[in-house]
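Here the structure comes first, spelled out in structure tokens, and everything after it is commentary.
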Number of protein chains: 2
Amino acid sequence: MTRKILSGHGSGGKLMNDMIETLIKGTLGPDSIQLDDSALLTIGAETIAFTTDTFTITPLFFPGGDIGSLAVNGTVNDLAVMGAEPMYLSCGVIIEEGLDMEVFEKILKSMKAAADRAGVKIVTGDTKVVQKGNADKIFINTSGVGRITGRVQRAPVREGDKILISGCIGDHGIAVMAERNSLTFTKGLQSDCMALNSMIAHVTEAYPGSIRFMRDPTRGGVASVLNEIVKGQPFSAKLYENDCPLREEVKGVCEILGIDPLYAANEGKVVMIVSAEDAEGIRDRMRETPEGKDAAIIGEITGEYPGKAYMETPVGGERILPLLLDEQLPRIC
Amino acid sequence: MTRKILSGHGSGGKLMNDMIETLIKGTLGPDSIQLDDSALLTIGAETIAFTTDTFTITPLFFPGGDIGSLAVNGTVNDLAVMGAEPMYLSCGVIIEEGLDMEVFEKILKSMKAAADRAGVKIVTGDTKVVQKGNADKIFINTSGVGRITGRVQRAPVREGDKILISGCIGDHGIAVMAERNSLTFTKGLQSDCMALNSMIAHVTEAYPGSIRFMRDPTRGGVASVLNEIVKGQPFSAKLYENDCPLREEVKGVCEILGIDPLYAANEGKVVMIVSAEDAEGIRDRMRETPEGKDAAIIGEITGEYPGKAYMETPVGGERILPLLLDEQLPRIC
């Protein structure tokens, strides 16, 4: 039987991870596609970070952002969470013939504004136009390079480390879902789409040796990132339900639609694993920035369920947070 | 009236250049999207080249290559013609749901083989899957970074300089067109899809100061590259029809279909503008390599028609080679 590629193969969940591990790394080699956000490379005397991301989100414009700002911020964040200073972006677009020129212009303006805010430059690009029905309006690839500053000295994650998030969970995924479903009771609900590089630099310059791991929980959300961290490890990731910052509007939509916000995409948040002794200091330093004002310590690394992520509920119960097979919401980024 | 994006906006011709000059550079800034193949950037102590290209070619497999080898070689060549040593590539794929997994696997294997041949590593990637009808099988973006070796010291193009090409003209475009039209008399006709970095290094290490300009004549072909070189300049580019190397099979297809091979895409050729005194030496050095065995001096820079490219025919006539509005063949790369 011919195996087909399914929607879930691009989801950030188990289907995708399995395809990357077996087919892609099996073919391109073990050093090819990293589950890390960027590759760290040596060029002459410098170490650089290099990353790529393709954006196929629908709708193109949503509360709090659009495909242009998302394409810039997403790649800036992939560099920043590797401890790099994001510097230069490329922009490759695939446009479906017939797209309004002014829609393209609006997206370009949004990219420029986002790049200026993040302090990066878009330096090279490519434009392809395909016939109607061969794409969906516009897809954008951004790749990025940044300089490794040496501010982050990664150390292995260990039991007792704390889990931090820089703000409220699930805003992007839930805002896009509400927009797609034309939900009317979600006034004020917005994507968190934003660049995190200056916030991360603010934290890492004060705590260079205390951060074990950083990742932006995009496709698949916080639960998927935690699963990646603990996969195959002798430790587990435990979350405290009551400590997870969650907007009321997000909670409302999640309850009505039966979605777990821990699996919803974020586009302006970072999950950090940090040393227990500096966790509060790092959280407070995050809170000094607009991007990190709702930062919270949401859990810790334990030895209870090796290889698993799980949640402790307010009444003391526990539930495992599995790696989902599929993403709840296709084309979220 | 709402302006729409047309097929020609992605063609390599006048419509695309106008859109880049006005809309894209107008919005993203003058340093953003270069018509050059790569951006040259400073990172700490190093100068790197950075480039991006998206591949939407149809059919995915064609005589002499496929979308995978094309995506690797295309980006390797964009780095090499800037005088960079190509080092690392990213790979961002958009897959249409339902694609056979073994087609994807075949393409990945082809990318790996092409990367090995070119001596580059694919180090980071991203996979998106969209619903049926929202893409056409698979689109691939590759971005690339390379180190500037200092072997090429560019000098301004001037009257009397010679125009060189590393081999036969139009093979890629005509092979793909023949494949699409199921032409049966084109046995042996193959795309020239290949990496040029080692050939270019072989030439530039011997003639570091004699090369004014290099470009791989992909979309829009040799005529479009020459138009870019002379645009707005006080000089012109003159070609000698009889000196342009052209395969018999390519000539045959072009005559039957009424296509000018000078506008057909190449994916394994470089056009160089070089000093007159070293032109023959450079051509001979190219011919020492398999990639450059059919290299030829095909024309020169003159003062006759400033800003124009033109052809001298064997009987002494002249015809202008205008920048086409549109590409003859959409989705050629």
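FYI, nothing fancy with the structure tokens labels: chains A, B, ... in order, residues from 1 per chain, ligands from 1 as they appear.
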Once you count only C-alpha atoms, which residues of chain A turn out to be within 6 Å of chain B? Could you give them as number ranges by chain?
A: 3-7, 10, 27-28, 32-34, 39, 51-53, 97-101, 109, 112, 122-129, 133-136
Which of region 57-181 of chain A DSSP labels alpha helix (DSSP H), written as a count of residues only:
42
Return as a ChimeraX atom specification the full set of residues in region 76-244 of chain B whose backbone-based DSSP assignment is strand (DSSP E or B).
/B:84-96,100,121-130,138-148,162-165,211-215,236-240
Write out as a ChimeraX atom specification which residues come within 10 Å of Glu318 (chain A) when counting only C-alpha atoms, dropping same-chain ones fewer than 4 positions away.
/A:238-241,310-314
Using the selection just defined, write its residues with N, CA, C and O atoms as a CSV table (one decimal), in the first residue's frame.
```csv
chain,number,residue,atom,x,y,z
A,238,LYS,N,6.7,18.3,35.2
A,238,LYS,CA,5.5,18.4,35.9
A,238,LYS,C,5.0,19.8,35.9
A,238,LYS,O,5.7,20.8,36.2
A,239,LEU,N,3.7,20.0,35.5
A,239,LEU,CA,3.1,21.4,35.5
A,239,LEU,C,2.1,21.5,36.7
A,239,LEU,O,1.4,20.5,37.0
A,240,TYR,N,2.0,22.7,37.2
A,240,TYR,CA,0.9,23.0,38.2
A,240,TYR,C,-0.2,23.7,37.5
A,240,TYR,O,0.0,24.9,37.1
A,241,GLU,N,-1.3,23.1,37.4
A,241,GLU,CA,-2.4,23.7,36.6
A,241,GLU,C,-2.7,25.1,37.0
A,241,GLU,O,-2.9,26.0,36.2
A,310,TYR,N,3.5,15.8,32.6
A,310,TYR,CA,2.2,15.6,33.3
A,310,TYR,C,1.8,16.8,34.0
A,310,TYR,O,2.6,17.7,34.3
A,311,MET,N,0.5,16.8,34.4
A,311,MET,CA,-0.1,18.0,35.1
A,311,MET,C,-0.6,17.6,36.4
A,311,MET,O,-1.3,16.6,36.6
A,312,GLU,N,-0.3,18.4,37.4
A,312,GLU,CA,-0.9,18.2,38.8
A,312,GLU,C,-2.1,19.2,38.9
A,312,GLU,O,-1.9,20.4,38.7
A,313,THR,N,-3.2,18.6,39.1
A,313,THR,CA,-4.4,19.5,39.2
A,313,THR,C,-4.5,20.1,40.6
A,313,THR,O,-3.9,19.6,41.5
A,314,PRO,N,-5.4,21.1,40.7
A,314,PRO,CA,-5.5,21.8,42.0
A,314,PRO,C,-5.9,20.9,43.1
A,314,PRO,O,-5.5,21.1,44.3
```
Rounded to one decimal place, report the CA of Val274 (chain A)-CA of Arg212 (chain A) distance in Å.
5.4 Å
Near region 276-290 of chain B, counting only C-alpha atoms, which residues have an atom at most 12 Å away, once you skip same-chain residues fewer than 3 positions from it, shown as a ChimeraX atom specification?
/B:157-167,192,194-212,268-273,293-302
Here is a test: counting only C-alpha atoms, which residue of B:Gly307, B:Pro217, B:Pro234, B:Gly292 is nearest to Glu267 (chain B)?
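Smallest separation from Glu267 (chain B) among the options: B:Pro217.
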Out of A:Pro59, A:Thr184, A:Arg247, A:Asn242, which residue has the shortest atom-to-atom distance to Gly316 (chain A) when counting only C-alpha atoms?
A:Asn242
